[in-house]
file query.cif (mmCIF, C-alpha atoms)
data_target
#
loop_
_atom_site.group_PDB
_atom_site.id
_atom_site.type_symbol
_atom_site.label_atom_id
_atom_site.label_comp_id
_atom_site.auth_asym_id
_atom_site.auth_seq_id
_atom_site.Cartn_x
_atom_site.Cartn_y
_atom_site.Cartn_z
ATOM 1 C CA MET G 1 33.369 164.569 73.001
ATOM 2 C CA LEU G 2 32.604 166.503 76.164
ATOM 3 C CA ILE G 3 29.772 166.659 78.694
ATOM 4 C CA SER G 4 29.547 169.521 81.163
ATOM 5 C CA GLY G 5 28.629 169.015 84.800
ATOM 6 C CA ASP G 6 26.010 171.704 84.227
ATOM 7 C CA ILE G 7 23.628 168.900 83.192
ATOM 8 C CA VAL G 8 23.123 168.082 86.884
ATOM 9 C CA GLY G 9 19.718 169.318 87.959
ATOM 10 C CA ALA G 10 18.092 168.960 84.526
ATOM 11 C CA GLN G 11 14.542 167.645 84.839
ATOM 12 C CA ALA G 12 11.771 166.044 82.815
ATOM 13 C CA GLY G 13 8.155 165.213 83.559
ATOM 14 C CA PRO G 14 6.192 164.325 85.432
ATOM 15 C CA LEU G 15 4.442 161.988 83.032
ATOM 16 C CA GLU G 16 1.262 160.207 84.089
ATOM 17 C CA HIS G 17 0.398 156.562 83.488
ATOM 18 C CA ASP G 18 -2.572 154.361 84.270
ATOM 19 C CA ILE G 19 -1.403 150.947 85.419
ATOM 20 C CA ASP G 20 -3.811 148.356 84.096
ATOM 21 C CA ALA G 21 -3.936 144.571 84.279
ATOM 22 C CA ARG G 22 -3.049 144.178 80.604
ATOM 23 C CA TRP G 23 0.315 145.950 81.001
ATOM 24 C CA LEU G 24 1.183 144.123 84.226
ATOM 25 C CA MET G 25 0.300 140.735 82.748
ATOM 26 C CA ALA G 26 2.132 141.414 79.484
ATOM 27 C CA TYR G 27 5.342 142.245 81.341
ATOM 28 C CA SER G 28 5.171 139.058 83.398
ATOM 29 C CA ALA G 29 4.328 137.025 80.313
ATOM 30 C CA ALA G 30 7.374 138.397 78.469
ATOM 31 C CA LEU G 31 9.502 137.004 81.295
ATOM 32 C CA GLY G 32 7.755 133.638 81.305
ATOM 33 C CA GLU G 33 6.449 134.113 84.830
ATOM 34 C CA GLY G 34 4.512 131.116 86.102
ATOM 35 C CA ASP G 35 3.163 132.598 89.347
ATOM 36 C CA PRO G 36 -0.642 132.595 88.917
ATOM 37 C CA ARG G 37 -0.875 135.826 90.928
ATOM 38 C CA CYS G 38 0.714 137.632 87.961
ATOM 39 C CA TYR G 39 -2.428 136.918 85.904
ATOM 40 C CA ASP G 40 -5.231 136.785 88.476
ATOM 41 C CA THR G 41 -7.478 139.700 87.587
ATOM 42 C CA ALA G 42 -10.050 138.467 90.138
ATOM 43 C CA ALA G 43 -7.683 138.843 93.100
ATOM 44 C CA PRO G 44 -8.722 141.557 95.611
ATOM 45 C CA GLY G 45 -5.647 143.675 94.878
ATOM 46 C CA GLY G 46 -5.493 142.865 91.190
ATOM 47 C CA VAL G 47 -2.644 141.098 89.423
ATOM 48 C CA LEU G 48 0.785 140.986 91.056
ATOM 49 C CA ALA G 49 3.390 143.327 89.568
ATOM 50 C CA HIS G 50 6.810 141.882 88.807
ATOM 51 C CA PRO G 51 9.401 143.609 91.053
ATOM 52 C CA LEU G 52 11.072 145.251 88.050
ATOM 53 C CA PHE G 53 7.856 146.458 86.394
ATOM 54 C CA PRO G 54 8.690 150.086 87.365
ATOM 55 C CA VAL G 55 11.116 150.255 84.418
ATOM 56 C CA CYS G 56 8.033 150.264 82.167
ATOM 57 C CA TYR G 57 6.625 153.548 83.411
ATOM 58 C CA GLU G 58 10.093 155.082 83.894
ATOM 59 C CA TRP G 59 11.136 154.604 80.272
ATOM 60 C CA PRO G 60 8.868 157.284 78.696
ATOM 61 C CA VAL G 61 10.191 160.067 80.940
ATOM 62 C CA SER G 62 13.780 158.936 80.383
ATOM 63 C CA ARG G 63 13.601 159.858 76.716
ATOM 64 C CA PRO G 64 13.204 163.652 77.041
ATOM 65 C CA ILE G 65 15.946 163.934 79.651
ATOM 66 C CA ARG G 66 18.344 161.859 77.555
ATOM 67 C CA GLN G 67 17.607 164.184 74.645
ATOM 68 C CA ILE G 68 18.524 167.463 76.331
ATOM 69 C CA PRO G 69 20.967 169.383 74.061
ATOM 70 C CA ALA G 70 24.049 168.527 76.144
ATOM 71 C CA LEU G 71 23.375 164.766 75.891
ATOM 72 C CA ARG G 72 21.508 164.267 72.604
ATOM 73 C CA ASP G 73 24.532 163.751 70.375
ATOM 74 C CA HIS G 74 26.084 161.283 72.816
ATOM 75 C CA PHE G 75 23.112 158.906 72.856
ATOM 76 C CA PRO G 76 24.804 156.236 70.667
ATOM 77 C CA ARG G 77 27.524 155.952 73.340
ATOM 78 C CA LEU G 78 25.099 155.407 76.234
ATOM 79 C CA VAL G 79 25.066 152.074 78.072
ATOM 80 C CA HIS G 80 23.071 151.114 81.151
ATOM 81 C CA ALA G 81 25.729 150.545 83.831
ATOM 82 C CA GLU G 82 24.063 150.439 87.261
ATOM 83 C CA HIS G 83 20.553 150.119 88.668
ATOM 84 C CA ASP G 84 19.206 150.902 92.140
ATOM 85 C CA LEU G 85 15.446 150.524 92.582
ATOM 86 C CA VAL G 86 13.674 151.265 95.888
ATOM 87 C CA VAL G 87 10.092 149.995 96.172
ATOM 88 C CA HIS G 88 8.192 152.083 98.708
ATOM 89 C CA ARG G 89 5.147 149.991 97.881
ATOM 90 C CA PRO G 90 4.516 147.821 94.820
ATOM 91 C CA PRO G 91 2.629 149.408 91.911
ATOM 92 C CA ARG G 92 -0.891 148.010 91.626
ATOM 93 C CA GLN G 93 -3.570 147.469 89.030
ATOM 94 C CA GLY G 94 -5.717 150.608 88.906
ATOM 95 C CA ASP G 95 -2.929 152.988 89.986
ATOM 96 C CA ARG G 96 -2.527 156.360 88.316
ATOM 97 C CA LEU G 97 1.149 157.164 88.729
ATOM 98 C CA LYS G 98 3.252 160.235 87.981
ATOM 99 C CA THR G 99 6.952 159.822 87.223
ATOM 100 C CA ALA G 100 9.500 162.634 87.125
ATOM 101 C CA ALA G 101 13.160 162.393 86.153
ATOM 102 C CA ARG G 102 16.196 164.486 86.982
ATOM 103 C CA ILE G 103 19.945 164.208 86.720
ATOM 104 C CA VAL G 104 21.417 163.968 90.213
ATOM 105 C CA SER G 105 25.052 163.120 89.550
ATOM 106 C CA ALA G 106 27.779 163.248 86.905
ATOM 107 C CA GLU G 107 31.308 161.984 87.435
ATOM 108 C CA GLN G 108 34.276 160.884 85.390
ATOM 109 C CA ARG G 109 35.121 157.192 85.264
ATOM 110 C CA LYS G 110 37.863 155.504 83.294
ATOM 111 C CA PRO G 111 35.544 154.228 80.503
ATOM 112 C CA GLY G 112 33.703 157.561 80.183
ATOM 113 C CA ALA G 113 31.232 159.950 81.795
ATOM 114 C CA PHE G 114 28.968 158.317 84.398
ATOM 115 C CA VAL G 115 25.588 160.030 84.792
ATOM 116 C CA VAL G 116 22.793 159.133 87.215
ATOM 117 C CA PHE G 117 19.157 159.752 86.312
ATOM 118 C CA ARG G 118 16.736 159.569 89.235
ATOM 119 C CA PHE G 119 13.153 158.525 88.564
ATOM 120 C CA GLU G 120 10.658 159.371 91.306
ATOM 121 C CA THR G 121 7.154 157.944 91.025
ATOM 122 C CA ARG G 122 4.174 158.939 93.161
ATOM 123 C CA ASP G 123 0.535 157.931 93.230
ATOM 124 C CA ASP G 124 -2.479 160.205 92.815
ATOM 125 C CA ARG G 125 -2.293 161.125 96.520
ATOM 126 C CA GLY G 126 1.350 162.173 96.226
ATOM 127 C CA ALA G 127 2.682 159.186 98.159
ATOM 128 C CA PRO G 128 5.965 157.675 96.911
ATOM 129 C CA VAL G 129 5.710 154.370 95.050
ATOM 130 C CA THR G 130 9.185 153.763 93.595
ATOM 131 C CA THR G 131 12.504 155.595 93.307
ATOM 132 C CA THR G 132 15.200 154.481 90.864
ATOM 133 C CA ASP G 133 18.760 155.680 90.415
ATOM 134 C CA PHE G 134 19.551 154.712 86.839
ATOM 135 C CA GLY G 135 23.284 154.923 86.192
ATOM 136 C CA VAL G 136 24.474 155.250 82.600
ATOM 137 C CA LEU G 137 27.944 155.398 81.103
ATOM 138 C CA TYR G 138 28.679 157.547 78.077
ATOM 139 C CA ARG G 139 31.566 155.562 76.637
ATOM 140 C CA SER G 140 34.749 157.514 75.769
ATOM 141 C CA VAL G 141 33.072 160.819 76.644
ATOM 142 C CA VAL G 142 34.929 163.267 78.898
ATOM 143 C CA LEU G 143 33.186 165.122 81.717
ATOM 144 C CA GLU G 144 34.379 168.713 81.997
ATOM 145 C CA ARG G 145 33.680 168.831 85.726
ATOM 146 C CA PRO G 146 31.764 166.634 88.141
ATOM 147 C CA GLY G 147 28.453 167.659 89.643
ATOM 148 C CA ARG G 148 26.032 166.349 92.232
ATOM 149 C CA THR G 149 22.778 167.446 93.860
ATOM 150 C CA GLN G 150 22.494 167.629 97.631
ATOM 151 C CA ASP G 151 20.330 164.514 97.804
ATOM 152 C CA ALA G 152 22.560 162.430 95.537
ATOM 153 C CA ALA G 153 24.263 160.443 98.293
ATOM 154 C CA LEU G 154 24.228 157.266 96.236
ATOM 155 C CA PRO G 155 24.875 154.104 98.256
ATOM 156 C CA ALA G 156 27.758 151.905 97.236
ATOM 157 C CA LEU G 157 26.930 148.697 95.434
ATOM 158 C CA PRO G 158 27.175 145.569 97.578
ATOM 159 C CA PRO G 159 30.379 143.512 97.321
ATOM 160 C CA ALA G 160 30.522 140.517 95.020
ATOM 161 C CA PRO G 161 28.801 137.555 96.708
ATOM 162 C CA GLU G 162 30.959 134.753 98.093
ATOM 163 C CA GLY G 163 30.043 131.099 98.331
ATOM 164 C CA VAL G 164 27.360 131.428 95.698
ATOM 165 C CA GLU G 165 25.273 128.495 94.547
ATOM 166 C CA GLN G 166 23.443 127.829 91.293
ATOM 167 C CA MET G 167 19.990 129.391 91.581
ATOM 168 C CA GLY G 168 18.645 128.905 88.106
ATOM 169 C CA GLU G 169 19.136 128.943 84.374
ATOM 170 C CA ILE G 170 17.764 131.451 81.889
ATOM 171 C CA ARG G 171 17.164 130.285 78.334
ATOM 172 C CA VAL G 172 17.002 133.429 76.233
ATOM 173 C CA ALA G 173 15.171 132.855 72.944
ATOM 174 C CA ALA G 174 16.263 134.451 69.681
ATOM 175 C CA ASN G 175 13.169 136.694 69.723
ATOM 176 C CA ALA G 176 13.288 137.542 73.441
ATOM 177 C CA ALA G 177 14.190 141.206 72.886
ATOM 178 C CA HIS G 178 11.318 141.694 70.417
ATOM 179 C CA VAL G 179 8.811 140.188 72.858
ATOM 180 C CA TYR G 180 10.164 142.191 75.795
ATOM 181 C CA THR G 181 10.117 145.423 73.763
ATOM 182 C CA GLU G 182 6.417 145.147 72.971
ATOM 183 C CA CYS G 183 5.273 143.856 76.354
ATOM 184 C CA ALA G 184 7.287 146.317 78.421
ATOM 185 C CA ARG G 185 6.628 149.161 75.929
ATOM 186 C CA ILE G 186 10.343 149.946 75.984
ATOM 187 C CA TYR G 187 11.666 150.625 72.499
ATOM 188 C CA ASN G 188 15.338 151.094 71.659
ATOM 189 C CA PRO G 189 16.385 149.904 68.178
ATOM 190 C CA ILE G 190 19.635 148.291 69.378
ATOM 191 C CA HIS G 191 17.395 145.540 70.788
ATOM 192 C CA THR G 192 15.276 144.850 67.711
ATOM 193 C CA ASP G 193 16.889 146.345 64.607
ATOM 194 C CA ILE G 194 20.039 144.505 63.537
ATOM 195 C CA ALA G 195 21.089 147.196 61.066
ATOM 196 C CA HIS G 196 20.850 149.863 63.759
ATOM 197 C CA ALA G 197 22.699 147.693 66.285
ATOM 198 C CA ARG G 198 25.573 147.086 63.876
ATOM 199 C CA ALA G 199 25.739 150.787 63.036
ATOM 200 C CA ALA G 200 26.131 151.420 66.771
ATOM 201 C CA GLY G 201 29.135 149.107 66.848
ATOM 202 C CA LEU G 202 27.410 146.036 68.245
ATOM 203 C CA PRO G 203 27.775 142.536 66.772
ATOM 204 C CA GLY G 204 23.989 142.213 66.622
ATOM 205 C CA ILE G 205 20.859 143.018 68.607
ATOM 206 C CA ILE G 206 21.258 142.568 72.361
ATOM 207 C CA LEU G 207 18.811 141.836 75.149
ATOM 208 C CA HIS G 208 17.725 144.785 77.269
ATOM 209 C CA GLY G 209 19.700 145.062 80.490
ATOM 210 C CA THR G 210 16.431 145.387 82.389
ATOM 211 C CA ALA G 211 15.169 142.159 80.794
ATOM 212 C CA THR G 212 18.306 140.319 81.924
ATOM 213 C CA LEU G 213 17.881 141.802 85.399
ATOM 214 C CA ALA G 214 14.163 140.968 85.607
ATOM 215 C CA LEU G 215 14.797 137.359 84.548
ATOM 216 C CA SER G 216 17.626 137.094 87.075
ATOM 217 C CA ILE G 217 15.396 138.419 89.849
ATOM 218 C CA SER G 218 12.730 135.862 88.984
ATOM 219 C CA ARG G 219 15.204 132.957 89.140
ATOM 220 C CA ALA G 220 16.790 134.144 92.388
ATOM 221 C CA LEU G 221 13.432 134.623 94.120
ATOM 222 C CA ALA G 222 12.103 131.258 92.955
ATOM 223 C CA ALA G 223 15.246 129.398 94.063
ATOM 224 C CA SER G 224 15.235 130.982 97.505
ATOM 225 C CA GLY G 225 11.490 130.715 98.097
ATOM 226 C CA ALA G 226 11.180 134.496 98.552
ATOM 227 C CA ASP G 227 7.913 136.247 97.702
ATOM 228 C CA PRO G 228 8.141 138.739 94.798
ATOM 229 C CA ALA G 229 5.565 140.887 96.602
ATOM 230 C CA HIS G 230 8.085 141.446 99.405
ATOM 231 C CA VAL G 231 10.886 142.911 97.268
ATOM 232 C CA ARG G 232 11.801 146.354 98.582
ATOM 233 C CA ARG G 233 15.063 147.072 96.786
ATOM 234 C CA VAL G 234 17.103 145.838 93.810
ATOM 235 C CA GLN G 235 20.691 146.848 93.058
ATOM 236 C CA CYS G 236 23.159 145.663 90.432
ATOM 237 C CA ARG G 237 25.914 146.511 87.996
ATOM 238 C CA PHE G 238 25.670 145.566 84.315
ATOM 239 C CA THR G 239 28.986 144.131 83.164
ATOM 240 C CA GLY G 240 28.277 142.416 79.845
ATOM 241 C CA MET G 241 25.907 142.197 76.898
ATOM 242 C CA VAL G 242 23.599 139.302 76.057
ATOM 243 C CA LEU G 243 23.335 138.224 72.440
ATOM 244 C CA MET G 244 20.468 135.917 71.490
ATOM 245 C CA PRO G 245 19.813 133.055 71.695
ATOM 246 C CA ALA G 246 21.776 132.343 74.873
ATOM 247 C CA THR G 247 21.713 130.371 78.079
ATOM 248 C CA LEU G 248 22.565 132.284 81.255
ATOM 249 C CA ALA G 249 23.281 131.042 84.768
ATOM 250 C CA VAL G 250 22.106 132.817 87.924
ATOM 251 C CA LEU G 251 24.197 132.225 91.034
ATOM 252 C CA GLY G 252 23.538 133.608 94.458
ATOM 253 C CA LYS G 253 23.127 133.247 98.163
ATOM 254 C CA ARG G 254 20.380 134.171 100.623
ATOM 255 C CA ARG G 255 21.161 135.901 103.908
ATOM 256 C CA GLU G 256 18.070 136.415 106.069
ATOM 257 C CA SER G 257 16.219 139.324 104.427
ATOM 258 C CA SER G 258 18.455 139.750 101.378
ATOM 259 C CA LEU G 259 19.689 137.870 98.324
ATOM 260 C CA SER G 260 23.062 138.393 96.678
ATOM 261 C CA PHE G 261 23.362 137.233 93.075
ATOM 262 C CA GLU G 262 25.217 137.461 89.803
ATOM 263 C CA THR G 263 24.338 136.338 86.296
ATOM 264 C CA ARG G 264 26.856 134.751 83.957
ATOM 265 C CA GLY G 265 26.840 134.414 80.199
ATOM 266 C CA PRO G 266 27.499 131.320 78.067
ATOM 267 C CA ALA G 267 31.289 131.718 78.434
ATOM 268 C CA GLY G 268 31.048 132.079 82.213
ATOM 269 C CA ASP G 269 31.620 135.829 82.228
ATOM 270 C CA ALA G 270 29.403 138.014 84.427
ATOM 271 C CA VAL G 271 26.740 140.007 82.604
ATOM 272 C CA ILE G 272 25.234 141.200 85.904
ATOM 273 C CA SER G 273 27.466 141.544 88.948
ATOM 274 C CA ARG G 274 27.100 142.678 92.553
ATOM 275 C CA GLY G 275 23.369 142.091 92.488
ATOM 276 C CA ARG G 276 21.313 142.405 95.649
ATOM 277 C CA ILE G 277 17.613 141.997 96.429
ATOM 278 C CA GLU G 278 16.299 143.296 99.768
ATOM 279 C CA LEU G 279 13.102 141.822 101.164
ATOM 280 C CA GLY G 280 10.530 143.283 103.526
ATOM 281 C CA GLY G 281 7.399 141.997 105.228
#
call {"tool": "encode", "arguments": {"input": "query.cif", "output": "structure tokens"}}
result
Amino acid sequence: MLISGDIVGAQAGPLEHDIDARWLMAYSAALGEGDPRCYDTAAPGGVLAHPLFPVCYEWPVSRPIRQIPALRDHFPRLVHAEHDLVVHRPPRQGDRLKTAARIVSAEQRKPGAFVVFRFETRDDRGAPVTTTDFGVLYRSVVLERPGRTQDAALPALPPAPEGVEQMGEIRVAANAAHVYTECARIYNPIHTDIAHARAAGLPGIILHGTATLALSISRALAASGADPAHVRRVQCRFTGMVLMPATLAVLGKRRESSLSFETRGPAGDAVISRGRIELGG
């Protein structure tokens, strides 16, 4: 089970999407968002996008790049390991966005080959909207040689927060993954098909990592009084799976213009660690 560093530089897209109120509202509804701005179609700027909504328009272009010949057969071993989203400006109702993907880094880690897909999204004028470095781990796969593009200077994840306080609780329903799948338009059978999940070596269907992250962001922002419209960056490491139903705890700490957080599962183990939310004006 080998992956060559020659995958670095592979590209897909761009794919174009129209961002409408229905999609924005459905994503917020899947997360149980109570902020009325998430559903106010009469607001001058349209409905408010959840800070993690970009994963919705990034997913379609992720599929062709994950299916390049060098990676296709390793798909069952892929797990979402790290996430680094930069919001240049929030996506808005009425936007027509183009998203392109490319592989910017591949390195060997103890559990397997770590590959970073970069998603770059621009509006119809060519201005940047969001950039995401989506780190995946191909479990037990060996990388023949590392590779990296010139612009792949990935920032280190923030350290684990100290002196954290309880920020909120997430009650994950048994059907949460099915609801999130349809509302986000992100389909991967390990989240909705128990037979497929078990065939992949999982005990059952698991919640999307991005759903766990989005719910964690919502709780952290609400507890700290921060405005979701001011989120400019989100970083984290995924360190555990979430089976459903479950109750999760979000712990964190606010420091001026940033929030550090982690999310723990029912047994107290971290399912998201080294989380950080940066806020702007």
call {"tool": "closest_residue", "arguments": {"input": "query.cif", "among": "G:Leu15, G:Thr212, G:Glu278, G:Glu262", "to": "Arg63 of chain G", "atoms": "all atoms listed in the file"}}
result
G:Leu15
call {"tool": "atom_distance", "arguments": {"input": "query.cif", "atom1": "atom CA of Phe238 of chain G", "atom2": "atom CA of Glu120 of chain G"}}
result
21.6 Å
call {"tool": "closest_residue", "arguments": {"input": "query.cif", "among": "G:Thr41, G:Thr99, G:Gln108, G:Ser140", "to": "Pro76 of chain G", "atoms": "only C-alpha atoms"}}
result
G:Ser140
call {"tool": "atom_distance", "arguments": {"input": "query.cif", "atom1": "atom CA of Ala220 of chain G", "atom2": "atom CA of Asp95 of chain G"}}
result
27.4 Å
call {"tool": "closest_residue", "arguments": {"input": "query.cif", "among": "G:Gln150, G:Thr131, G:Ser4, G:Ser224", "to": "Met167 of chain G", "atoms": "only C-alpha atoms"}}
result
G:Ser224
call {"tool": "resolve_selection", "arguments": {"input": "query.cif", "expression": "the PyMOL selection byres ((chain G and resi 49-57) around 8)", "output": "list in words"}}
result
His17, Leu24, Met25, Tyr27, Ser28, Cys38, Val47, Leu48, Glu58, Trp59, Pro60, Val61, Pro90, Pro91, Arg92, Thr99, Thr130, Ala184, Arg185, Ile186, Thr210, Ala214, Pro228, Ala229 and Val231 of chain G
call {"tool": "write_last_selection", "arguments": {"input": "query.cif", "atoms": "C-alpha atoms", "output": "CSV table (one decimal), keeping the file's coordinate frame"}}
result
chain,number,residue,atom,x,y,z
G,17,HIS,CA,0.4,156.6,83.5
G,24,LEU,CA,1.2,144.1,84.2
G,25,MET,CA,0.3,140.7,82.7
G,27,TYR,CA,5.3,142.2,81.3
G,28,SER,CA,5.2,139.1,83.4
G,38,CYS,CA,0.7,137.6,88.0
G,47,VAL,CA,-2.6,141.1,89.4
G,48,LEU,CA,0.8,141.0,91.1
G,58,GLU,CA,10.1,155.1,83.9
G,59,TRP,CA,11.1,154.6,80.3
G,60,PRO,CA,8.9,157.3,78.7
G,61,VAL,CA,10.2,160.1,80.9
G,90,PRO,CA,4.5,147.8,94.8
G,91,PRO,CA,2.6,149.4,91.9
G,92,ARG,CA,-0.9,148.0,91.6
G,99,THR,CA,7.0,159.8,87.2
G,130,THR,CA,9.2,153.8,93.6
G,184,ALA,CA,7.3,146.3,78.4
G,185,ARG,CA,6.6,149.2,75.9
G,186,ILE,CA,10.3,149.9,76.0
G,210,THR,CA,16.4,145.4,82.4
G,214,ALA,CA,14.2,141.0,85.6
G,228,PRO,CA,8.1,138.7,94.8
G,229,ALA,CA,5.6,140.9,96.6
G,231,VAL,CA,10.9,142.9,97.3
